[in-house]
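Novice: Here you go, this is query.cif (mmCIF, C-alpha atoms).
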```cif
data_upload
loop_
_atom_site.group_PDB
_atom_site.id
_atom_site.type_symbol
_atom_site.label_atom_id
_atom_site.label_comp_id
_atom_site.auth_asym_id
_atom_site.auth_seq_id
_atom_site.Cartn_x
_atom_site.Cartn_y
_atom_site.Cartn_z
ATOM 1 C CA MET N 156 -7.158 76.961 20.426
ATOM 2 C CA ALA N 157 -7.781 73.246 20.994
ATOM 3 C CA LYS N 158 -11.498 73.976 21.101
ATOM 4 C CA TYR N 159 -11.478 75.340 17.538
ATOM 5 C CA LEU N 160 -9.098 72.717 16.196
ATOM 6 C CA LEU N 161 -11.323 69.941 17.505
ATOM 7 C CA SER N 162 -14.523 71.440 16.104
ATOM 8 C CA PRO N 163 -14.409 69.414 12.842
ATOM 9 C CA LEU N 164 -13.803 66.207 14.810
ATOM 10 C CA ARG N 165 -16.607 67.083 17.196
ATOM 11 C CA LEU N 166 -18.939 67.549 14.227
ATOM 12 C CA ALA N 167 -17.835 64.181 12.812
ATOM 13 C CA VAL N 168 -18.829 62.253 15.938
ATOM 14 C CA GLY N 169 -21.923 64.278 16.798
ATOM 15 C CA TRP N 170 -22.059 67.885 17.994
ATOM 16 C CA GLY N 171 -24.812 67.839 20.554
ATOM 17 C CA ILE N 172 -24.885 66.243 23.968
ATOM 18 C CA SER N 173 -26.023 62.649 24.338
ATOM 19 C CA PRO N 174 -29.856 62.589 24.206
ATOM 20 C CA ARG N 175 -31.164 61.669 27.670
ATOM 21 C CA LEU N 176 -34.746 61.281 26.469
ATOM 22 C CA LEU N 177 -34.055 58.054 24.599
ATOM 23 C CA GLY N 178 -35.007 54.974 26.571
ATOM 24 C CA THR N 179 -33.074 51.718 26.659
ATOM 25 C CA ILE N 180 -35.238 50.116 23.984
ATOM 26 C CA ALA N 181 -34.770 53.112 21.664
ATOM 27 C CA VAL N 182 -30.986 52.983 22.143
ATOM 28 C CA VAL N 183 -30.910 49.251 21.411
ATOM 29 C CA MET N 184 -33.021 49.738 18.283
ATOM 30 C CA LEU N 185 -30.794 52.557 17.021
ATOM 31 C CA THR N 186 -27.730 50.403 17.594
ATOM 32 C CA LEU N 187 -29.283 47.469 15.749
ATOM 33 C CA LEU N 188 -30.300 49.772 12.902
ATOM 34 C CA ARG N 189 -26.739 51.082 12.633
ATOM 35 C CA LEU N 190 -25.280 47.562 12.659
ATOM 36 C CA THR N 191 -27.773 46.338 10.073
ATOM 37 C CA ILE N 192 -27.146 49.166 7.617
ATOM 38 C CA GLY N 193 -23.403 48.918 8.199
ATOM 39 C CA TRP N 194 -23.442 45.187 7.450
ATOM 40 C CA HIS N 195 -25.532 45.819 4.339
ATOM 41 C CA PHE N 196 -23.009 48.316 2.980
ATOM 42 C CA ILE N 197 -20.050 46.044 3.764
ATOM 43 C CA THR N 198 -21.561 43.051 1.976
ATOM 44 C CA GLU N 199 -22.565 45.186 -1.009
ATOM 45 C CA GLY N 200 -19.026 46.530 -1.268
ATOM 46 C CA ILE N 201 -17.465 43.063 -1.006
ATOM 47 C CA ASP N 202 -19.804 41.682 -3.664
ATOM 48 C CA LYS N 203 -18.940 44.520 -6.061
ATOM 49 C CA TYR N 204 -15.220 44.116 -5.384
ATOM 50 C CA GLN N 205 -15.234 40.354 -5.895
ATOM 51 C CA ALA N 206 -17.292 40.646 -9.075
ATOM 52 C CA GLU N 207 -14.369 42.597 -10.630
ATOM 53 C CA ASN N 208 -16.466 43.491 -13.669
ATOM 54 C CA TRP N 209 -19.177 45.282 -11.681
ATOM 55 C CA SER N 210 -20.272 48.520 -13.291
ATOM 56 C CA ALA N 211 -22.854 51.195 -12.614
ATOM 57 C CA LYS N 212 -23.264 51.603 -16.375
ATOM 58 C CA PRO N 213 -26.564 49.664 -16.772
ATOM 59 C CA PHE N 214 -28.030 51.514 -13.801
ATOM 60 C CA PHE N 215 -27.164 54.990 -15.104
ATOM 61 C CA ALA N 216 -27.970 54.134 -18.712
ATOM 62 C CA ASN N 217 -31.531 53.179 -17.714
ATOM 63 C CA ALA N 218 -32.089 56.200 -15.486
ATOM 64 C CA ARG N 219 -35.472 57.879 -15.710
ATOM 65 C CA GLY N 220 -37.210 60.920 -14.308
ATOM 66 C CA PRO N 221 -36.238 64.607 -14.303
ATOM 67 C CA PHE N 222 -32.564 63.864 -13.610
ATOM 68 C CA ALA N 223 -32.258 61.053 -16.172
ATOM 69 C CA GLY N 224 -30.162 63.122 -18.590
ATOM 70 C CA HIS N 225 -27.619 63.973 -15.894
ATOM 71 C CA PHE N 226 -27.250 60.339 -14.821
ATOM 72 C CA ARG N 227 -26.986 59.053 -18.399
ATOM 73 C CA GLN N 228 -24.110 61.421 -19.047
ATOM 74 C CA MET N 229 -22.262 59.761 -16.172
ATOM 75 C CA VAL N 230 -21.967 56.600 -18.290
ATOM 76 C CA TRP N 231 -18.491 56.484 -19.794
ATOM 77 C CA ASP N 232 -18.694 57.465 -23.469
ATOM 78 C CA TYR N 233 -22.499 57.353 -23.331
ATOM 79 C CA ASP N 234 -22.787 58.803 -26.844
ATOM 80 C CA GLY N 235 -19.953 56.773 -28.380
ATOM 81 C CA THR N 236 -17.770 59.823 -29.049
ATOM 82 C CA MET N 237 -14.627 58.027 -27.898
ATOM 83 C CA ARG N 238 -15.238 54.530 -29.242
ATOM 84 C CA LEU N 239 -16.339 55.748 -32.672
ATOM 85 C CA ASP N 240 -13.302 58.018 -33.039
ATOM 86 C CA VAL N 241 -10.675 55.834 -34.739
ATOM 87 C CA ASP N 242 -7.791 58.292 -34.361
ATOM 88 C CA GLN N 243 -8.388 58.891 -30.660
ATOM 89 C CA THR N 244 -8.865 55.178 -29.943
ATOM 90 C CA GLU N 245 -5.682 54.177 -31.758
ATOM 91 C CA LEU N 246 -3.797 56.924 -29.949
ATOM 92 C CA ASN N 247 -4.910 55.507 -26.596
ATOM 93 C CA TRP N 248 -4.041 51.969 -27.649
ATOM 94 C CA ALA N 249 -0.594 53.049 -28.850
ATOM 95 C CA TYR N 250 0.039 54.825 -25.550
ATOM 96 C CA TYR N 251 -1.011 51.683 -23.658
ATOM 97 C CA ARG N 252 1.274 49.555 -25.831
ATOM 98 C CA ASP N 253 4.254 51.752 -24.965
ATOM 99 C CA GLN N 254 3.353 51.943 -21.270
ATOM 100 C CA ILE N 255 2.926 48.194 -20.834
ATOM 101 C CA SER N 256 6.257 47.609 -22.583
ATOM 102 C CA GLU N 257 7.911 49.897 -20.069
ATOM 103 C CA HIS N 258 5.941 48.393 -17.172
ATOM 104 C CA PHE N 259 7.137 44.831 -17.792
ATOM 105 C CA GLY N 260 10.451 45.738 -19.436
ATOM 106 C CA PHE N 261 9.716 44.016 -22.772
ATOM 107 C CA ASP N 262 12.634 43.021 -24.955
ATOM 108 C CA ASP N 263 12.648 43.740 -28.703
ATOM 109 C CA LYS N 264 10.796 40.522 -29.541
ATOM 110 C CA GLN N 265 8.085 41.259 -26.994
ATOM 111 C CA LYS N 266 7.787 44.842 -28.230
ATOM 112 C CA ALA N 267 7.234 43.535 -31.748
ATOM 113 C CA GLU N 268 4.529 41.189 -30.465
ATOM 114 C CA ALA N 269 2.899 44.047 -28.562
ATOM 115 C CA HIS N 270 2.879 46.142 -31.722
ATOM 116 C CA ASN N 271 1.319 43.254 -33.621
ATOM 117 C CA ASN N 272 -1.455 43.077 -31.019
ATOM 118 C CA TYR N 273 -1.998 46.786 -31.543
ATOM 119 C CA SER N 274 -2.264 46.326 -35.319
ATOM 120 C CA ILE N 275 -4.761 43.471 -34.916
ATOM 121 C CA ALA N 276 -6.960 45.542 -32.590
ATOM 122 C CA ALA N 277 -6.874 48.503 -34.988
ATOM 123 C CA LYS N 278 -7.924 46.282 -37.906
ATOM 124 C CA GLN N 279 -10.729 44.740 -35.838
ATOM 125 C CA LEU N 280 -12.024 48.184 -34.922
ATOM 126 C CA ALA N 281 -11.959 49.321 -38.559
ATOM 127 C CA MET N 282 -13.866 46.187 -39.577
ATOM 128 C CA VAL N 283 -16.567 46.666 -36.921
ATOM 129 C CA LEU N 284 -17.056 50.303 -37.911
ATOM 130 C CA GLU N 285 -17.229 49.415 -41.601
ATOM 131 C CA LEU N 286 -19.706 46.564 -41.155
ATOM 132 C CA ASN N 287 -21.958 48.691 -38.966
ATOM 133 C CA ALA N 288 -21.623 52.001 -40.809
ATOM 134 C CA ASN N 289 -25.356 52.352 -41.397
ATOM 135 C CA GLU N 290 -26.267 51.678 -37.773
ATOM 136 C CA ILE N 291 -23.621 54.146 -36.587
ATOM 137 C CA GLN N 292 -24.832 56.858 -38.949
ATOM 138 C CA GLU N 293 -28.435 56.322 -37.859
ATOM 139 C CA PHE N 294 -27.372 56.502 -34.212
ATOM 140 C CA GLN N 295 -25.466 59.738 -34.658
ATOM 141 C CA LEU N 296 -28.296 61.361 -36.613
ATOM 142 C CA GLY N 297 -30.732 60.250 -33.935
ATOM 143 C CA LEU N 298 -28.599 61.776 -31.180
ATOM 144 C CA GLY N 299 -28.485 65.035 -33.081
ATOM 145 C CA ARG N 300 -32.264 65.069 -33.359
ATOM 146 C CA ILE N 301 -32.697 64.319 -29.654
ATOM 147 C CA GLU N 302 -30.331 67.161 -28.737
ATOM 148 C CA GLU N 303 -32.451 69.515 -30.817
ATOM 149 C CA LEU N 304 -35.580 68.374 -29.000
ATOM 150 C CA ASP N 305 -33.849 68.669 -25.619
ATOM 151 C CA GLY N 306 -33.037 72.268 -26.421
ATOM 152 C CA ASP N 307 -36.605 72.988 -27.510
ATOM 153 C CA ALA N 308 -38.366 74.319 -24.411
ATOM 154 C CA VAL N 309 -41.784 74.051 -26.054
ATOM 155 C CA ALA N 310 -41.329 70.392 -27.009
ATOM 156 C CA SER N 311 -39.896 69.581 -23.589
ATOM 157 C CA GLY N 312 -43.020 70.971 -21.950
ATOM 158 C CA VAL N 313 -45.345 68.661 -23.852
ATOM 159 C CA SER N 314 -45.584 65.361 -21.967
ATOM 160 C CA SER N 315 -46.465 63.318 -25.057
ATOM 161 C CA LEU N 316 -43.458 64.648 -26.989
ATOM 162 C CA SER N 317 -41.241 64.115 -23.970
ATOM 163 C CA GLY N 318 -42.329 60.487 -23.754
ATOM 164 C CA GLN N 319 -41.780 60.068 -27.482
ATOM 165 C CA ARG N 320 -38.283 61.484 -27.138
ATOM 166 C CA GLU N 321 -37.474 58.969 -24.421
ATOM 167 C CA SER N 322 -38.786 56.146 -26.595
ATOM 168 C CA VAL N 323 -36.557 57.256 -29.478
ATOM 169 C CA ARG N 324 -33.565 57.498 -27.132
ATOM 170 C CA LYS N 325 -34.187 53.998 -25.805
ATOM 171 C CA GLU N 326 -34.625 52.590 -29.312
ATOM 172 C CA LEU N 327 -31.373 54.176 -30.482
ATOM 173 C CA SER N 328 -29.507 52.790 -27.478
ATOM 174 C CA GLN N 329 -30.815 49.300 -28.113
ATOM 175 C CA LYS N 330 -29.832 49.385 -31.789
ATOM 176 C CA ILE N 331 -26.306 50.653 -31.180
ATOM 177 C CA ALA N 332 -25.664 48.462 -28.117
ATOM 178 C CA PRO N 333 -24.385 45.432 -30.137
ATOM 179 C CA VAL N 334 -21.896 47.692 -31.941
ATOM 180 C CA PHE N 335 -20.587 49.163 -28.700
ATOM 181 C CA ASP N 336 -20.412 45.653 -27.205
ATOM 182 C CA GLN N 337 -18.171 44.548 -30.085
ATOM 183 C CA ILE N 338 -15.911 47.573 -29.638
ATOM 184 C CA ASP N 339 -15.760 47.024 -25.868
ATOM 185 C CA ALA N 340 -14.763 43.402 -26.527
ATOM 186 C CA ILE N 341 -11.882 44.620 -28.716
ATOM 187 C CA TRP N 342 -10.680 46.862 -25.875
ATOM 188 C CA GLU N 343 -10.839 43.970 -23.410
ATOM 189 C CA ASN N 344 -9.178 41.466 -25.753
ATOM 190 C CA TYR N 345 -6.432 43.973 -26.532
ATOM 191 C CA GLU N 346 -5.681 44.401 -22.826
ATOM 192 C CA THR N 347 -5.619 40.620 -22.324
ATOM 193 C CA ALA N 348 -3.382 40.021 -25.352
ATOM 194 C CA GLN N 349 -0.862 42.659 -24.270
ATOM 195 C CA ASN N 350 -0.585 41.245 -20.752
ATOM 196 C CA LYS N 351 -0.072 37.755 -22.202
ATOM 197 C CA VAL N 352 3.075 39.026 -23.930
ATOM 198 C CA ALA N 353 4.725 39.180 -20.508
ATOM 199 C CA THR N 354 6.563 36.083 -19.323
ATOM 200 C CA SER N 355 5.611 34.257 -16.135
ATOM 201 C CA GLU N 356 8.666 35.765 -14.468
ATOM 202 C CA GLN N 357 7.638 39.287 -15.478
ATOM 203 C CA LEU N 358 4.110 38.676 -14.248
ATOM 204 C CA SER N 359 5.436 37.439 -10.909
ATOM 205 C CA GLN N 360 7.430 40.641 -10.480
ATOM 206 C CA HIS N 361 4.780 43.047 -11.727
ATOM 207 C CA ARG N 362 1.005 43.103 -11.576
ATOM 208 C CA ALA N 363 -1.049 42.899 -14.764
ATOM 209 C CA TYR N 364 -1.176 46.305 -16.412
ATOM 210 C CA LYS N 365 -4.734 47.621 -16.765
ATOM 211 C CA LEU N 366 -5.951 49.428 -19.855
ATOM 212 C CA VAL N 367 -7.556 52.498 -18.311
ATOM 213 C CA ARG N 368 -10.343 54.126 -20.264
ATOM 214 C CA PRO N 369 -9.591 57.796 -20.959
ATOM 215 C CA ARG N 370 -11.425 60.260 -18.740
ATOM 216 C CA LEU N 371 -14.112 62.089 -20.699
ATOM 217 C CA GLN N 372 -15.754 63.822 -17.731
ATOM 218 C CA MET N 373 -14.730 64.746 -14.214
ATOM 219 C CA MET N 374 -16.968 61.979 -12.871
ATOM 220 C CA ASP N 375 -18.251 59.081 -14.940
ATOM 221 C CA THR N 376 -18.469 55.308 -14.634
ATOM 222 C CA SER N 377 -14.761 54.923 -15.447
ATOM 223 C CA VAL N 378 -14.160 56.526 -12.027
ATOM 224 C CA ILE N 379 -17.332 55.546 -10.183
ATOM 225 C CA ASP N 380 -16.892 51.822 -10.862
ATOM 226 C CA SER N 381 -13.535 51.810 -9.081
ATOM 227 C CA ILE N 382 -14.672 53.953 -6.147
ATOM 228 C CA VAL N 383 -18.086 52.555 -5.194
ATOM 229 C CA PRO N 384 -16.929 49.129 -3.847
ATOM 230 C CA TYR N 385 -14.449 50.808 -1.500
ATOM 231 C CA PHE N 386 -16.958 53.533 -0.613
ATOM 232 C CA ASP N 387 -19.522 50.905 0.372
ATOM 233 C CA MET N 388 -17.040 48.997 2.515
ATOM 234 C CA LEU N 389 -15.671 52.142 4.189
ATOM 235 C CA VAL N 390 -19.128 53.457 5.058
ATOM 236 C CA GLY N 391 -20.157 49.985 6.217
ATOM 237 C CA TRP N 392 -17.209 49.595 8.580
ATOM 238 C CA CYS N 393 -17.686 53.098 10.008
ATOM 239 C CA LEU N 394 -21.333 52.342 10.772
ATOM 240 C CA LEU N 395 -20.561 48.891 12.108
ATOM 241 C CA LEU N 396 -17.870 50.230 14.444
ATOM 242 C CA GLY N 397 -19.778 53.416 15.274
ATOM 243 C CA LEU N 398 -16.869 55.526 14.022
ATOM 244 C CA PHE N 399 -17.568 59.040 12.677
ATOM 245 C CA THR N 400 -21.161 57.884 12.417
ATOM 246 C CA PRO N 401 -22.803 61.213 11.411
ATOM 247 C CA VAL N 402 -20.373 61.644 8.496
ATOM 248 C CA ALA N 403 -20.673 58.017 7.371
ATOM 249 C CA ALA N 404 -24.472 58.064 7.709
ATOM 250 C CA LEU N 405 -24.788 61.301 5.743
ATOM 251 C CA ALA N 406 -22.511 59.915 3.010
ATOM 252 C CA ALA N 407 -24.649 56.784 2.843
ATOM 253 C CA ALA N 408 -27.833 58.880 2.751
ATOM 254 C CA GLY N 409 -26.473 60.997 -0.088
ATOM 255 C CA PHE N 410 -25.522 57.889 -2.057
ATOM 256 C CA LEU N 411 -28.889 56.216 -1.527
ATOM 257 C CA GLY N 412 -30.708 59.463 -2.260
ATOM 258 C CA SER N 413 -28.965 59.731 -5.627
ATOM 259 C CA VAL N 414 -30.045 56.158 -6.391
ATOM 260 C CA PHE N 415 -33.635 57.086 -5.638
ATOM 261 C CA LEU N 416 -33.498 60.238 -7.792
ATOM 262 C CA SER N 417 -32.039 58.332 -10.750
ATOM 263 C CA GLN N 418 -35.065 56.021 -10.760
ATOM 264 C CA TYR N 419 -37.784 58.555 -10.022
ATOM 265 C CA PRO N 420 -40.691 58.085 -9.799
ATOM 266 C CA PRO N 421 -40.207 54.666 -8.193
ATOM 267 C CA LEU N 422 -41.983 51.648 -9.605
ATOM 268 C CA THR N 423 -43.517 48.805 -7.655
ATOM 269 C CA GLY N 424 -41.854 45.422 -7.357
ATOM 270 C CA PRO N 425 -38.349 44.217 -6.436
ATOM 271 C CA THR N 426 -36.645 46.809 -8.658
ATOM 272 C CA SER N 427 -38.372 49.745 -6.954
ATOM 273 C CA SER N 428 -36.070 52.477 -5.651
ATOM 274 C CA THR N 429 -38.387 53.005 -2.671
ATOM 275 C CA TYR N 430 -36.173 50.610 -0.726
ATOM 276 C CA GLN N 431 -33.217 52.950 -1.197
ATOM 277 C CA LEU N 432 -35.339 55.898 -0.059
ATOM 278 C CA ILE N 433 -36.333 54.080 3.138
ATOM 279 C CA GLU N 434 -32.716 53.198 3.948
ATOM 280 C CA CYS N 435 -31.712 56.780 3.113
ATOM 281 C CA MET N 436 -34.169 58.067 5.734
ATOM 282 C CA ALA N 437 -32.830 55.539 8.235
ATOM 283 C CA CYS N 438 -29.294 56.826 7.650
ATOM 284 C CA LEU N 439 -30.475 60.371 8.318
ATOM 285 C CA VAL N 440 -31.892 59.177 11.635
ATOM 286 C CA LEU N 441 -28.495 57.659 12.532
ATOM 287 C CA ALA N 442 -26.737 60.898 11.628
ATOM 288 C CA ALA N 443 -29.163 63.087 13.579
ATOM 289 C CA THR N 444 -29.039 61.003 16.762
ATOM 290 C CA GLY N 445 -25.276 60.444 16.864
ATOM 291 C CA ALA N 446 -25.977 56.710 17.004
ATOM 292 C CA GLY N 447 -22.273 55.848 17.034
ATOM 293 C CA ARG N 448 -22.096 56.928 20.666
ATOM 294 C CA PHE N 449 -24.288 53.973 21.599
ATOM 295 C CA ALA N 450 -22.011 50.894 21.702
ATOM 296 C CA GLY N 451 -19.658 52.525 19.197
ATOM 297 C CA LEU N 452 -16.205 54.109 19.046
ATOM 298 C CA ASP N 453 -17.747 57.576 18.811
ATOM 299 C CA PHE N 454 -18.515 57.258 22.533
ATOM 300 C CA PHE N 455 -14.802 57.316 23.387
ATOM 301 C CA LEU N 456 -13.990 60.000 20.826
ATOM 302 C CA HIS N 457 -16.763 62.130 22.248
ATOM 303 C CA LEU N 458 -15.316 61.775 25.766
ATOM 304 C CA ILE N 459 -11.904 62.935 24.509
ATOM 305 C CA ILE N 460 -13.406 65.884 22.653
ATOM 306 C CA ARG N 461 -15.407 66.938 25.722
ATOM 307 C CA LYS N 462 -12.255 66.848 27.809
ATOM 308 C CA PHE N 463 -10.249 69.083 25.483
ATOM 309 C CA ASN N 464 -13.258 71.238 24.642
ATOM 310 C CA GLY N 465 -13.858 72.053 28.276
ATOM 311 C CA ASP N 466 -17.453 70.833 28.353
ATOM 312 C CA ASP N 467 -18.878 70.465 31.838
ATOM 313 C CA ALA N 468 -19.436 66.813 32.744
ATOM 314 C CA ALA N 469 -22.879 67.614 34.034
ATOM 315 C CA THR N 470 -24.085 68.728 30.622
ATOM 316 C CA ALA N 471 -22.720 65.717 28.733
#
```
How does the structure come out when it is put into structure tokens?

Specialist:
Amino acid sequence: MAKYLLSPLRLAVGWGISPRLLGTIAVVMLTLLRLTIGWHFITEGIDKYQAENWSAKPFFANARGPFAGHFRQMVWDYDGTMRLDVDQTELNWAYYRDQISEHFGFDDKQKAEAHNNYSIAAKQLAMVLELNANEIQEFQLGLGRIEELDGDAVASGVSSLSGQRESVRKELSQKIAPVFDQIDAIWENYETAQNKVATSEQLSQHRAYKLVRPRLQMMDTSVIDSIVPYFDMLVGWCLLLGLFTPVAALAAAGFLGSVFLSQYPPLTGPTSSTYQLIECMACLVLAATGAGRFAGLDFFLHLIIRKFNGDDAATA
């Protein structure tokens, strides 16, 4: 029974026996490769976490290649459906107003101030939409036209029309970007204003209450932005410590592979995604060789698994 129960753990630290054909230099190089990639992931995660406002939005929004449409849709509210919907936006702001009042325990005066902040934000949104009505209408009509072209198999098969469609999409995004930036600023200012209603004593007892963007898809940047910094650090520490190395290395390879596919084909220069592809291949090497068992914690886990699994010491 123990043999079957430990099978998932055995897979996590490396299923096969330790490779005897690797020489000392090869083992040292694999260990250094694991430490280097682990350190890279840790520092990337720390940088994203400390930045606080880090977002994958620009990366996904500028995706190219055959999977560009899929990656663009991972940008929160990529087509402005949420931000341009006054009723839905005000509903979310009203819900936030009530939740932050309950979070800090606002008195009647503070509740009135919170409602005033809500009214100001609603008026600002209405003003932005009114002043940019023409740009918004042009953007929405353009999106409709692009959707028609995307659904046209004949047009999609013509490279010149496909390139033209991408040019139109990019032009639309550039024109509407200032409008979305203004609306995003209203969201951010509204969150700041509502937290400022709390007294210093309330803030000392409770953390600032974050205005969470409503989920529009199962996985978009509203979720990804909060996960990636911790994902990077977790993978980095696992590789650095040699803990569950095959799983961590495969997770890293999948992440880096998705980066490469979102920017395919890769360009030359410092922004080329070829670097991610190379590191992805290196992670696959770490996973395939069970590199965590060389100067890593997987060595000890593997010994325990062998003991309970009944493996003969001579074959290990």

Novice: Neighbouring residues of Glu434 (chain N) were defined as those with any atom within 9 Å, considering only C-alpha atoms; residues of the same chain fewer than 6 positions away were excluded. Please report them as a list in words.

Specialist: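 Contacts, with the query itself left out: Ile192, Ala407, Ala408 and Leu411 of chain N.
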
Novice: So, counting only C-alpha atoms, which residue among N:Phe386, N:Tyr273, N:Phe410, N:Tyr345 is closest to Leu366 (chain N)?

Specialist: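 The answer is N:Tyr345, which sits nearest to Leu366 (chain N).
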
Novice: With a distance cut-off of 10 Å and all atoms listed in the file, select the neighbouring residues of Lys266 (chain N), excluding the residue or stretch itself and same-chain residues fewer than 2 positions from it, and output the selection as a list in words.

Specialist: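 Everything that qualifies: Arg252, Asp253, Ile255, Ser256, Glu257, Gly260, Phe261, Asp262, Asp263, Lys264, Glu268, Ala269, His270, Asn271, Asn272, Gln349 and Val352 of chain N.
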
Novice: Rank nothing, just name the residue among N:Phe226, N:Phe463, N:Tyr204, N:Trp231 nearest to Arg370 (chain N), using all atoms listed in the file.

Specialist: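 Ranked by minimum distance to Arg370 (chain N), first place goes to N:Trp231.
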
Novice: Hey, what comes out of the PyMOL selection byres ((chain N and resi 280) around 12) on this file? Could you write it as an mmCIF file with C-alpha atoms, in the frame of the given file?

Specialist:
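Result file is part_28.cif:
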```
data_model
loop_
_atom_site.group_PDB
_atom_site.id
_atom_site.type_symbol
_atom_site.label_atom_id
_atom_site.label_comp_id
_atom_site.auth_asym_id
_atom_site.auth_seq_id
_atom_site.Cartn_x
_atom_site.Cartn_y
_atom_site.Cartn_z
ATOM 1 C CA ARG N 238 -15.238 54.530 -29.242
ATOM 2 C CA LEU N 239 -16.339 55.748 -32.672
ATOM 3 C CA ASP N 240 -13.302 58.018 -33.039
ATOM 4 C CA VAL N 241 -10.675 55.834 -34.739
ATOM 5 C CA ASP N 242 -7.791 58.292 -34.361
ATOM 6 C CA THR N 244 -8.865 55.178 -29.943
ATOM 7 C CA GLU N 245 -5.682 54.177 -31.758
ATOM 8 C CA TRP N 248 -4.041 51.969 -27.649
ATOM 9 C CA TYR N 273 -1.998 46.786 -31.543
ATOM 10 C CA SER N 274 -2.264 46.326 -35.319
ATOM 11 C CA ILE N 275 -4.761 43.471 -34.916
ATOM 12 C CA ALA N 276 -6.960 45.542 -32.590
ATOM 13 C CA ALA N 277 -6.874 48.503 -34.988
ATOM 14 C CA LYS N 278 -7.924 46.282 -37.906
ATOM 15 C CA GLN N 279 -10.729 44.740 -35.838
ATOM 16 C CA ALA N 281 -11.959 49.321 -38.559
ATOM 17 C CA MET N 282 -13.866 46.187 -39.577
ATOM 18 C CA VAL N 283 -16.567 46.666 -36.921
ATOM 19 C CA LEU N 284 -17.056 50.303 -37.911
ATOM 20 C CA GLU N 285 -17.229 49.415 -41.601
ATOM 21 C CA LEU N 286 -19.706 46.564 -41.155
ATOM 22 C CA ASN N 287 -21.958 48.691 -38.966
ATOM 23 C CA ALA N 288 -21.623 52.001 -40.809
ATOM 24 C CA VAL N 334 -21.896 47.692 -31.941
ATOM 25 C CA PHE N 335 -20.587 49.163 -28.700
ATOM 26 C CA ASP N 336 -20.412 45.653 -27.205
ATOM 27 C CA GLN N 337 -18.171 44.548 -30.085
ATOM 28 C CA ILE N 338 -15.911 47.573 -29.638
ATOM 29 C CA ASP N 339 -15.760 47.024 -25.868
ATOM 30 C CA ALA N 340 -14.763 43.402 -26.527
ATOM 31 C CA ILE N 341 -11.882 44.620 -28.716
ATOM 32 C CA TRP N 342 -10.680 46.862 -25.875
ATOM 33 C CA ASN N 344 -9.178 41.466 -25.753
ATOM 34 C CA TYR N 345 -6.432 43.973 -26.532
#
```

Novice: If you measure from CA of Gly447 (chain N) to CA of Tyr385 (chain N), what distance in Å do you get, rounded to one decimal?

Specialist: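 Straight-line distance from CA of Gly447 (chain N) to CA of Tyr385 (chain N) works out to 20.7 Å.
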
Novice: With distances taken over all atoms listed in the file, which of N:Asn247, N:Ser381, N:Gln265, N:Thr354 is nearest to Glu207 (chain N)?

Specialist: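 Nearest to Glu207 (chain N): N:Ser381.
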
Novice: With only C-alpha atoms as the basis for distance, which of N:Leu458, N:Ala218, N:Ala211, N:Val378 is at the shortest distance from Gln418 (chain N)?

Specialist: N:Ala218

Novice: Take CA of Val367 (chain N) and CA of Met237 (chain N) and report the distance between them in Å, one decimal.

Specialist: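 That distance, rounded to one decimal, is 13.1 Å.
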
Novice: Mind telling me what the PyMOL selection byres ((chain N and resi 422-433) around 12) catches here, as a PyMOL selection string?

Specialist: chain N and resi 192+195-196+214+218-220+407-421+434-440

Novice: Box for region 332-345 of chain N - axis-aligned, 3 Å on each of the six sides, all listed atoms - centre and size in Å to one decimal, as AutoDock Vina command-line options.

Specialist:
```
--center_x -16.0 --center_y 45.3 --center_z -27.7 --size_x 25.2 --size_y 13.7 --size_z 14.5
```

Novice: Restricting the calculation to only C-alpha atoms: of N:Arg189, N:Arg300, N:Arg461, N:Arg368, which residue gets closest to Ala446 (chain N)?

Specialist: N:Arg189

Novice: Closest to Leu396 (chain N) among N:Asp453, N:Glu303, N:Glu293, N:Asp380, using all atoms listed in the file?

Specialist: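 Looking only at the distances to Leu396 (chain N), the closest residue turns out to be N:Asp453.
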
Novice: Using Å and a single decimal, report how far CA of Leu398 (chain N) sits from CA of Leu452 (chain N).

Specialist: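 According to the coordinates, CA of Leu452 (chain N) and CA of Leu398 (chain N) are separated by 5.3 Å.
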
Novice: Can you pull out the residues contacting Gly391 (chain N)? Cut-off 7 Å, using all atoms listed in the file, and skip same-chain residues under 4 positions away; I want them as a PDB file with C-alpha atoms, keeping the file's coordinate frame.

Specialist:
```
ATOM      1  CA  GLY N 193     -23.403  48.918   8.199  1.00  0.00           C
ATOM      2  CA  TRP N 194     -23.442  45.187   7.450  1.00  0.00           C
ATOM      3  CA  PHE N 196     -23.009  48.316   2.980  1.00  0.00           C
ATOM      4  CA  ILE N 197     -20.050  46.044   3.764  1.00  0.00           C
ATOM      5  CA  ASP N 387     -19.522  50.905   0.372  1.00  0.00           C
ATOM      6  CA  LEU N 395     -20.561  48.891  12.108  1.00  0.00           C
TER       7      LEU N 395
END
```

Novice: I'd like the neighbourhood of Thr186 (chain N) as a list in words, where a residue qualifies if any of its atoms comes within 9 Å (using only C-alpha atoms), though same-chain residues fewer than 6 positions away should be ignored.

Specialist: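 So the residues in contact are Gly397, Leu441, Ala446, Gly447, Phe449, Ala450 and Gly451 of chain N.
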
Novice: So that I can check the surroundings of Ala363 (chain N), please list as a list of chain:residue names every protein, DNA and RNA residue that reaches within 12 Å of it, counting only C-alpha atoms and ignoring chain neighbours fewer than 3 positions away.

Specialist: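 Answer for this query is N:Gln254, N:Ile255, N:Ser256, N:His258, N:Phe259, N:Glu346, N:Thr347, N:Ala348, N:Gln349, N:Asn350, N:Lys351, N:Val352, N:Ala353, N:Thr354, N:Ser355, N:Gln357, N:Leu358, N:Ser359, N:Gln360, N:Leu366.
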